[in-house]
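Peer 1: Sending over protein-v7.txt (compact mmCIF, C-alpha atoms).
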# COMPACT_ATOMS: atom_id res chain seq x y z
CA MET Y 283 0.00 0.00 0.00
CA VAL Y 284 1.22 3.20 -0.92
CA ARG Y 285 0.72 5.88 1.46
CA ARG Y 286 -0.21 9.17 0.23
CA PRO Y 287 0.99 12.17 1.94
CA SER Y 288 -1.76 13.85 3.77
CA ARG Y 289 -2.55 17.43 3.53
CA PHE Y 290 -1.49 17.86 7.10
CA ASN Y 291 1.95 16.56 6.36
CA ILE Y 292 2.35 18.96 3.47
CA ILE Y 293 1.14 21.99 5.44
CA MET Y 294 3.15 21.16 8.52
CA PRO Y 295 6.56 21.63 7.00
CA SER Y 296 5.48 24.98 5.52
CA PHE Y 297 4.40 26.14 9.02
CA LEU Y 298 7.76 25.05 10.26
CA TYR Y 299 9.47 26.98 7.51
CA VAL Y 300 7.42 30.10 8.14
CA GLY Y 301 7.97 29.74 11.91
CA MET Y 302 11.67 29.37 11.42
CA ILE Y 303 11.75 32.36 9.11
CA LEU Y 304 9.80 34.40 11.68
CA MET Y 305 12.21 33.30 14.42
CA VAL Y 306 15.21 34.29 12.31
CA VAL Y 307 13.64 37.68 11.50
CA ALA Y 308 12.71 38.21 15.18
CA GLY Y 309 16.22 37.22 16.29
CA GLY Y 310 17.77 39.55 13.70
CA GLY Y 311 15.46 42.35 14.83
CA ALA Y 312 16.39 41.75 18.46
CA LEU Y 313 20.10 41.69 17.58
CA TYR Y 314 19.70 44.88 15.53
CA TYR Y 315 17.81 46.56 18.40
CA LYS Y 316 20.49 45.55 20.91
CA SER Y 317 23.37 46.77 18.76
CA THR Y 318 21.54 50.02 17.97
CA GLN Y 319 20.90 50.64 21.66
CA ALA Y 320 24.57 50.00 22.43
CA THR Y 321 25.56 52.45 19.67
CA ILE Y 322 23.10 55.04 21.00
CA MET Y 323 24.54 54.66 24.51
CA GLU Y 324 28.09 54.97 23.17
CA LEU Y 325 27.21 58.07 21.12
CA THR Y 326 25.41 59.61 24.12
CA ALA Y 327 28.55 59.09 26.23
CA TYR Y 328 30.70 60.66 23.48
CA ASN Y 329 28.27 63.57 23.22
CA ALA Y 330 28.44 64.17 26.98
CA GLN Y 331 32.24 64.05 26.86
CA LEU Y 332 32.33 66.46 23.91
CA THR Y 333 29.97 68.84 25.69
CA ALA Y 334 32.26 68.80 28.72
CA ASN Y 335 35.26 69.40 26.47
CA VAL Y 336 33.49 72.31 24.76
CA GLU Y 337 32.81 73.90 28.16
CA GLN Y 338 36.46 73.50 29.14
CA ILE Y 339 37.58 74.99 25.83
CA GLU Y 340 35.17 77.92 26.26
CA GLN Y 341 36.56 78.56 29.76
CA ALA Y 342 40.12 78.40 28.45
CA ASN Y 343 39.17 80.70 25.57
CA GLN Y 344 37.62 83.23 27.97
CA LYS Y 345 40.73 83.06 30.14
CA ASN Y 346 42.87 83.72 27.05
CA ILE Y 347 40.68 86.66 26.03
CA ASP Y 348 40.96 88.14 29.54
CA THR Y 349 44.74 87.63 29.49
CA ILE Y 350 45.04 89.31 26.10
CA ALA Y 351 42.94 92.25 27.31
CA ARG Y 352 45.17 92.61 30.39
CA MET Y 353 48.29 92.42 28.23
CA GLU Y 354 46.93 95.09 25.87
CA ALA Y 355 46.12 97.34 28.84
CA ASN Y 356 49.61 96.77 30.27
CA PHE Y 357 51.15 97.50 26.88
CA GLU Y 358 49.15 100.73 26.58
CA SER Y 359 50.22 101.75 30.09
CA GLN Y 360 53.86 100.99 29.31
CA ARG Y 361 53.61 102.92 26.04
CA GLU Y 362 52.22 105.95 27.90
CA ASN Y 363 54.97 105.66 30.53
CA PHE Y 364 57.57 105.42 27.78
CA GLU Y 365 56.20 108.52 26.05
CA ALA Y 366 56.24 110.44 29.34
CA LEU Y 367 59.78 109.28 30.02
CA GLN Y 368 60.84 110.20 26.48
CA SER Y 369 59.30 113.66 26.89
CA SER Y 370 61.10 114.10 30.20
CA PHE Y 371 64.35 112.94 28.60
CA ASN Y 372 63.90 115.46 25.76
CA THR Y 373 63.31 118.23 28.30
CA ILE Y 374 66.45 117.28 30.20
CA ARG Y 375 68.41 117.17 26.94
CA GLU Y 376 67.22 120.71 26.09
CA GLN Y 377 68.24 121.92 29.55
CA LYS Y 378 71.66 120.34 29.12
CA ASN Y 379 72.08 122.00 25.73
CA GLN Y 380 71.12 125.40 27.20
CA LEU Y 381 73.66 125.01 29.96
CA GLN Y 382 76.30 123.79 27.53
CA ASN Y 383 75.69 126.82 25.29
CA ARG Y 384 75.91 129.22 28.23
CA LEU Y 385 79.14 127.70 29.47
CA GLY Y 386 80.58 127.30 25.98
CA ARG Y 387 80.30 131.01 25.15
CA HIS Y 388 82.97 131.94 27.69
CA ASP Y 389 86.49 130.81 28.32
CA ILE Y 390 86.27 130.68 32.12
CA GLY Y 391 90.02 129.98 32.52
CA ALA Y 392 91.05 133.09 30.59
CA LEU Y 393 88.38 135.18 32.32
CA ALA Y 394 89.48 133.94 35.75
CA ALA Y 395 93.08 134.91 34.99
CA ALA Y 396 92.04 138.37 33.76
CA LYS Y 397 89.32 139.17 36.35
CA PRO Y 398 89.47 136.70 39.25
CA ALA Y 399 87.11 138.63 41.57
CA LEU Y 400 84.40 138.87 38.92
CA VAL Y 401 84.62 135.17 38.02
CA GLU Y 402 84.60 134.21 41.70
CA ARG Y 403 81.46 136.27 42.34
CA VAL Y 404 79.68 134.90 39.23
CA ILE Y 405 80.56 131.29 40.06
CA ASN Y 406 79.57 131.66 43.71
CA THR Y 407 76.23 133.26 42.79
CA ALA Y 408 75.53 130.55 40.19
CA SER Y 409 76.51 127.85 42.71
CA VAL Y 410 74.06 129.23 45.28
CA LYS Y 411 71.31 129.26 42.65
CA ALA Y 412 72.21 125.73 41.51
CA PHE Y 413 72.09 124.47 45.11
CA ARG Y 414 68.70 126.12 45.48
CA CYS Y 415 67.60 124.14 42.39
CA PHE Y 416 68.51 120.92 44.20
CA GLU Y 417 66.61 122.08 47.29
CA LEU Y 418 63.52 122.88 45.21
CA GLU Y 419 63.68 119.53 43.42
CA SER Y 420 63.90 117.88 46.85
CA GLY Y 421 60.68 119.56 47.99
CA ALA Y 422 61.91 122.63 49.87
CA PRO Y 423 59.29 125.34 50.52
CA LEU Y 424 59.27 128.35 48.19
CA THR Y 425 60.65 131.68 49.30
CA GLU Y 426 58.63 134.88 48.91
CA ASN Y 427 60.81 135.98 45.96
CA GLU Y 428 60.17 132.63 44.25
CA ARG Y 429 56.41 132.91 44.84
CA SER Y 430 56.30 136.40 43.35
CA ALA Y 431 58.39 135.52 40.28
CA THR Y 432 56.74 136.29 36.96
CA ASN Y 433 58.79 133.95 34.77
CA GLY Y 434 61.32 131.13 34.96
CA LYS Y 435 64.35 133.43 34.71
CA ALA Y 436 63.13 135.58 37.61
CA PHE Y 437 62.31 132.43 39.57
CA ASN Y 438 65.84 130.96 39.31
CA SER Y 439 68.11 131.62 36.35
CA GLU Y 440 69.99 128.34 36.87
CA CYS Y 441 66.86 126.15 36.62
CA PRO Y 442 64.01 128.10 35.01
CA TRP Y 443 62.19 124.88 34.07
CA ILE Y 444 61.28 124.30 37.73
CA TYR Y 445 59.03 127.38 37.49
CA ASP Y 446 57.04 125.75 34.66
CA ASP Y 447 56.91 122.43 36.54
CA LEU Y 448 55.56 124.11 39.69
CA ILE Y 449 52.91 125.97 37.69
CA ALA Y 450 51.89 122.77 35.88
CA SER Y 451 51.58 120.89 39.18
CA GLY Y 452 49.54 123.71 40.77
CA VAL Y 453 52.06 124.49 43.52
CA LEU Y 454 52.79 127.91 42.05
CA VAL Y 455 50.21 130.24 40.48
CA GLU Y 456 51.27 132.49 37.63
CA SER Y 457 51.30 136.13 38.70
CA SER Y 458 49.12 137.18 35.72
CA THR Y 459 46.49 134.61 36.82
CA ALA Y 460 46.80 135.70 40.45
CA THR Y 461 46.41 139.36 39.44
CA SER Y 462 43.28 138.64 37.40
CA GLN Y 463 41.86 136.65 40.30
CA ASP Y 464 42.60 139.51 42.70
CA ASN Y 465 40.78 141.96 40.41
CA ASN Y 466 37.60 139.83 40.42
Produce structure tokens that represent the structure in this file.

Peer 2:
Amino acid sequence: MVRRPSRFNIIMPSFLYVGMILMVVAGGGALYYKSTQATIMELTAYNAQLTANVEQIEQANQKNIDTIARMEANFESQRENFEALQSSFNTIREQKNQLQNRLGRHDIGALAAAKPALVERVINTASVKAFRCFELESGAPLTENERSATNGKAFNSECPWIYDDLIASGVLVESSTATSQDNN
């Protein structure tokens, strides 16, 4: 007798095949889901680390900007100090040239041999005035004659620039200004 395959036997293997295919698809889906979740977690961790790095870089950048601003301010201050020093140096150079011209116009040795009393008196008077310049530069109080001086030469012929410095600093008032104030 020959047995014929039943319909059940023919359908059964197809259910098995479909079931196996569904299991393979479900397993692949689960594996895909797991690997995707792991990738998402890894990328989230990288993102958090990058965000932290960006914050650190922003802080470092702000610190650099502040440092540059401080350096520019310091440079500007040093430039201003240098210009003031250069101006002061130029003033001193002019004063030296004036003194050199005054002393260079006369042969003091020949004059001293010809008129010793005159040269002695001139040198002693100039020395007293020069010492008074040192006293004034050291902060000595002004005398009445110095307060009433109308120009640098009348103030002290050896250091007339001190007159201008005292007026600029407000210690001494120009007599023309004082007179106009007295008239008001």

Peer 1: Go ahead and compute the interatomic distance for CA of Arg384 (chain Y) and CA of Cys441 (chain Y), in Å to one decimal.

Peer 2: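 Interatomic distance, CA of Arg384 (chain Y) to CA of Cys441 (chain Y): 12.7 Å.
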
Peer 1: Need the shell around region 402-418 of chain Y: protein/DNA/RNA residues with any atom at most 9 Å away, counting all atoms listed in the file. Skip same-chain ones fewer than 5 positions apart. Format as a ChimeraX atom specification?

Peer 2: /Y:394,397,423-424,438-441,444

Peer 1: Tell me, counting all atoms listed in the file, for each residue of region 321-345 of chain Y within 12 Å of region 350-371 of chain Y, which pair of atoms is nearest and how far apart they are in Å to one decimal, in rows ordered by chain and increasing number, as a Markdown table.

Peer 2:
| residue | atom | partner | partner_atom | distance |
| --- | --- | --- | --- | --- |
| Y:Asn343 | CA | Y:Ile350 | CA | 10.4 |
| Y:Gln344 | CA | Y:Ile350 | CA | 9.8 |
| Y:Lys345 | CA | Y:Ile350 | CA | 8.6 |

Peer 1: Please, what distance in Å, to one decimal, runs between CA of Ile303 (chain Y) and CA of Gln319 (chain Y)?

Peer 2: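 Between CA of Ile303 (chain Y) and CA of Gln319 (chain Y) the gap works out to 24.0 Å.
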
Peer 1: Between CA of Asn335 (chain Y) and CA of Thr321 (chain Y), what is the spacing in Å?

Peer 2: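 According to the coordinates, CA of Thr321 (chain Y) and CA of Asn335 (chain Y) are separated by 20.7 Å.
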
Peer 1: Rank nothing, just name the residue among Y:Gln331, Y:Gln377, Y:Gln341, Y:Thr326 nearest to Trp443 (chain Y), using only C-alpha atoms.

Peer 2: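 Of all the options, Y:Gln377 lies closest to Trp443 (chain Y).
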
Peer 1: Where atoms are absent from region 341-370 of chain Y, fill them in so it carries N, CA and C atoms, then output it as an mmCIF file, in the coordinates of the input.

Peer 2:
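Full text of out_16.cif as output:
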data_model
loop_
_atom_site.group_PDB
_atom_site.id
_atom_site.type_symbol
_atom_site.label_atom_id
_atom_site.label_comp_id
_atom_site.auth_asym_id
_atom_site.auth_seq_id
_atom_site.Cartn_x
_atom_site.Cartn_y
_atom_site.Cartn_z
ATOM 1 N N GLN Y 341 35.952 77.942 28.575
ATOM 2 C CA GLN Y 341 36.560 78.560 29.760
ATOM 3 C C GLN Y 341 37.999 78.971 29.456
ATOM 4 N N ALA Y 342 38.735 78.079 28.799
ATOM 5 C CA ALA Y 342 40.120 78.400 28.450
ATOM 6 C C ALA Y 342 40.160 79.571 27.479
ATOM 7 N N ASN Y 343 39.234 79.606 26.536
ATOM 8 C CA ASN Y 343 39.170 80.700 25.570
ATOM 9 C C ASN Y 343 38.872 82.022 26.278
ATOM 10 N N GLN Y 344 37.940 82.015 27.219
ATOM 11 C CA GLN Y 344 37.620 83.230 27.970
ATOM 12 C C GLN Y 344 38.820 83.691 28.786
ATOM 13 N N LYS Y 345 39.524 82.723 29.372
ATOM 14 C CA LYS Y 345 40.730 83.060 30.140
ATOM 15 C C LYS Y 345 41.773 83.693 29.222
ATOM 16 N N ASN Y 346 41.926 83.151 28.010
ATOM 17 C CA ASN Y 346 42.870 83.720 27.050
ATOM 18 C C ASN Y 346 42.458 85.123 26.624
ATOM 19 N N ILE Y 347 41.166 85.330 26.411
ATOM 20 C CA ILE Y 347 40.680 86.660 26.030
ATOM 21 C C ILE Y 347 40.951 87.656 27.146
ATOM 22 N N ASP Y 348 40.691 87.258 28.396
ATOM 23 C CA ASP Y 348 40.960 88.140 29.540
ATOM 24 C C ASP Y 348 42.456 88.456 29.639
ATOM 25 N N THR Y 349 43.284 87.437 29.430
ATOM 26 C CA THR Y 349 44.740 87.630 29.490
ATOM 27 C C THR Y 349 45.196 88.588 28.403
ATOM 28 N N ILE Y 350 44.670 88.427 27.208
ATOM 29 C CA ILE Y 350 45.040 89.310 26.100
ATOM 30 C C ILE Y 350 44.613 90.740 26.403
ATOM 31 N N ALA Y 351 43.414 90.911 26.961
ATOM 32 C CA ALA Y 351 42.940 92.250 27.310
ATOM 33 C C ALA Y 351 43.853 92.891 28.358
ATOM 34 N N ARG Y 352 44.250 92.094 29.367
ATOM 35 C CA ARG Y 352 45.170 92.610 30.390
ATOM 36 C C ARG Y 352 46.517 92.981 29.771
ATOM 37 N N MET Y 353 47.004 92.141 28.870
ATOM 38 C CA MET Y 353 48.290 92.420 28.230
ATOM 39 C C MET Y 353 48.210 93.684 27.383
ATOM 40 N N GLU Y 354 47.095 93.876 26.674
ATOM 41 C CA GLU Y 354 46.930 95.090 25.870
ATOM 42 C C GLU Y 354 46.882 96.318 26.772
ATOM 43 N N ALA Y 355 46.187 96.218 27.901
ATOM 44 C CA ALA Y 355 46.120 97.340 28.840
ATOM 45 C C ALA Y 355 47.515 97.636 29.405
ATOM 46 N N ASN Y 356 48.247 96.583 29.754
ATOM 47 C CA ASN Y 356 49.610 96.770 30.270
ATOM 48 C C ASN Y 356 50.500 97.402 29.204
ATOM 49 N N PHE Y 357 50.342 96.946 27.969
ATOM 50 C CA PHE Y 357 51.150 97.500 26.880
ATOM 51 C C PHE Y 357 50.836 98.981 26.703
ATOM 52 N N GLU Y 358 49.551 99.330 26.734
ATOM 53 C CA GLU Y 358 49.150 100.730 26.580
ATOM 54 C C GLU Y 358 49.725 101.568 27.721
ATOM 55 N N SER Y 359 49.667 101.051 28.934
ATOM 56 C CA SER Y 359 50.220 101.750 30.090
ATOM 57 C C SER Y 359 51.737 101.941 29.936
ATOM 58 N N GLN Y 360 52.413 100.895 29.497
ATOM 59 C CA GLN Y 360 53.860 100.990 29.310
ATOM 60 C C GLN Y 360 54.200 101.977 28.192
ATOM 61 N N ARG Y 361 53.373 101.995 27.139
ATOM 62 C CA ARG Y 361 53.610 102.920 26.040
ATOM 63 C C ARG Y 361 53.452 104.361 26.547
ATOM 64 N N GLU Y 362 52.419 104.615 27.348
ATOM 65 C CA GLU Y 362 52.220 105.950 27.900
ATOM 66 C C GLU Y 362 53.374 106.339 28.818
ATOM 67 N N ASN Y 363 53.825 105.398 29.657
ATOM 68 C CA ASN Y 363 54.970 105.660 30.530
ATOM 69 C C ASN Y 363 56.222 105.959 29.717
ATOM 70 N N PHE Y 364 56.407 105.203 28.638
ATOM 71 C CA PHE Y 364 57.570 105.420 27.780
ATOM 72 C C PHE Y 364 57.513 106.800 27.144
ATOM 73 N N GLU Y 365 56.333 107.193 26.660
ATOM 74 C CA GLU Y 365 56.200 108.520 26.050
ATOM 75 C C GLU Y 365 56.472 109.617 27.063
ATOM 76 N N ALA Y 366 55.979 109.449 28.296
ATOM 77 C CA ALA Y 366 56.240 110.440 29.340
ATOM 78 C C ALA Y 366 57.728 110.502 29.667
ATOM 79 N N LEU Y 367 58.342 109.340 29.740
ATOM 80 C CA LEU Y 367 59.780 109.280 30.020
ATOM 81 C C LEU Y 367 60.566 109.906 28.876
ATOM 82 N N GLN Y 368 60.159 109.634 27.646
ATOM 83 C CA GLN Y 368 60.840 110.200 26.480
ATOM 84 C C GLN Y 368 60.694 111.715 26.472
ATOM 85 N N SER Y 369 59.517 112.213 26.821
ATOM 86 C CA SER Y 369 59.300 113.660 26.890
ATOM 87 C C SER Y 369 60.186 114.280 27.962
ATOM 88 N N SER Y 370 60.247 113.615 29.117
ATOM 89 C CA SER Y 370 61.100 114.100 30.200
ATOM 90 C C SER Y 370 62.568 114.088 29.770
#
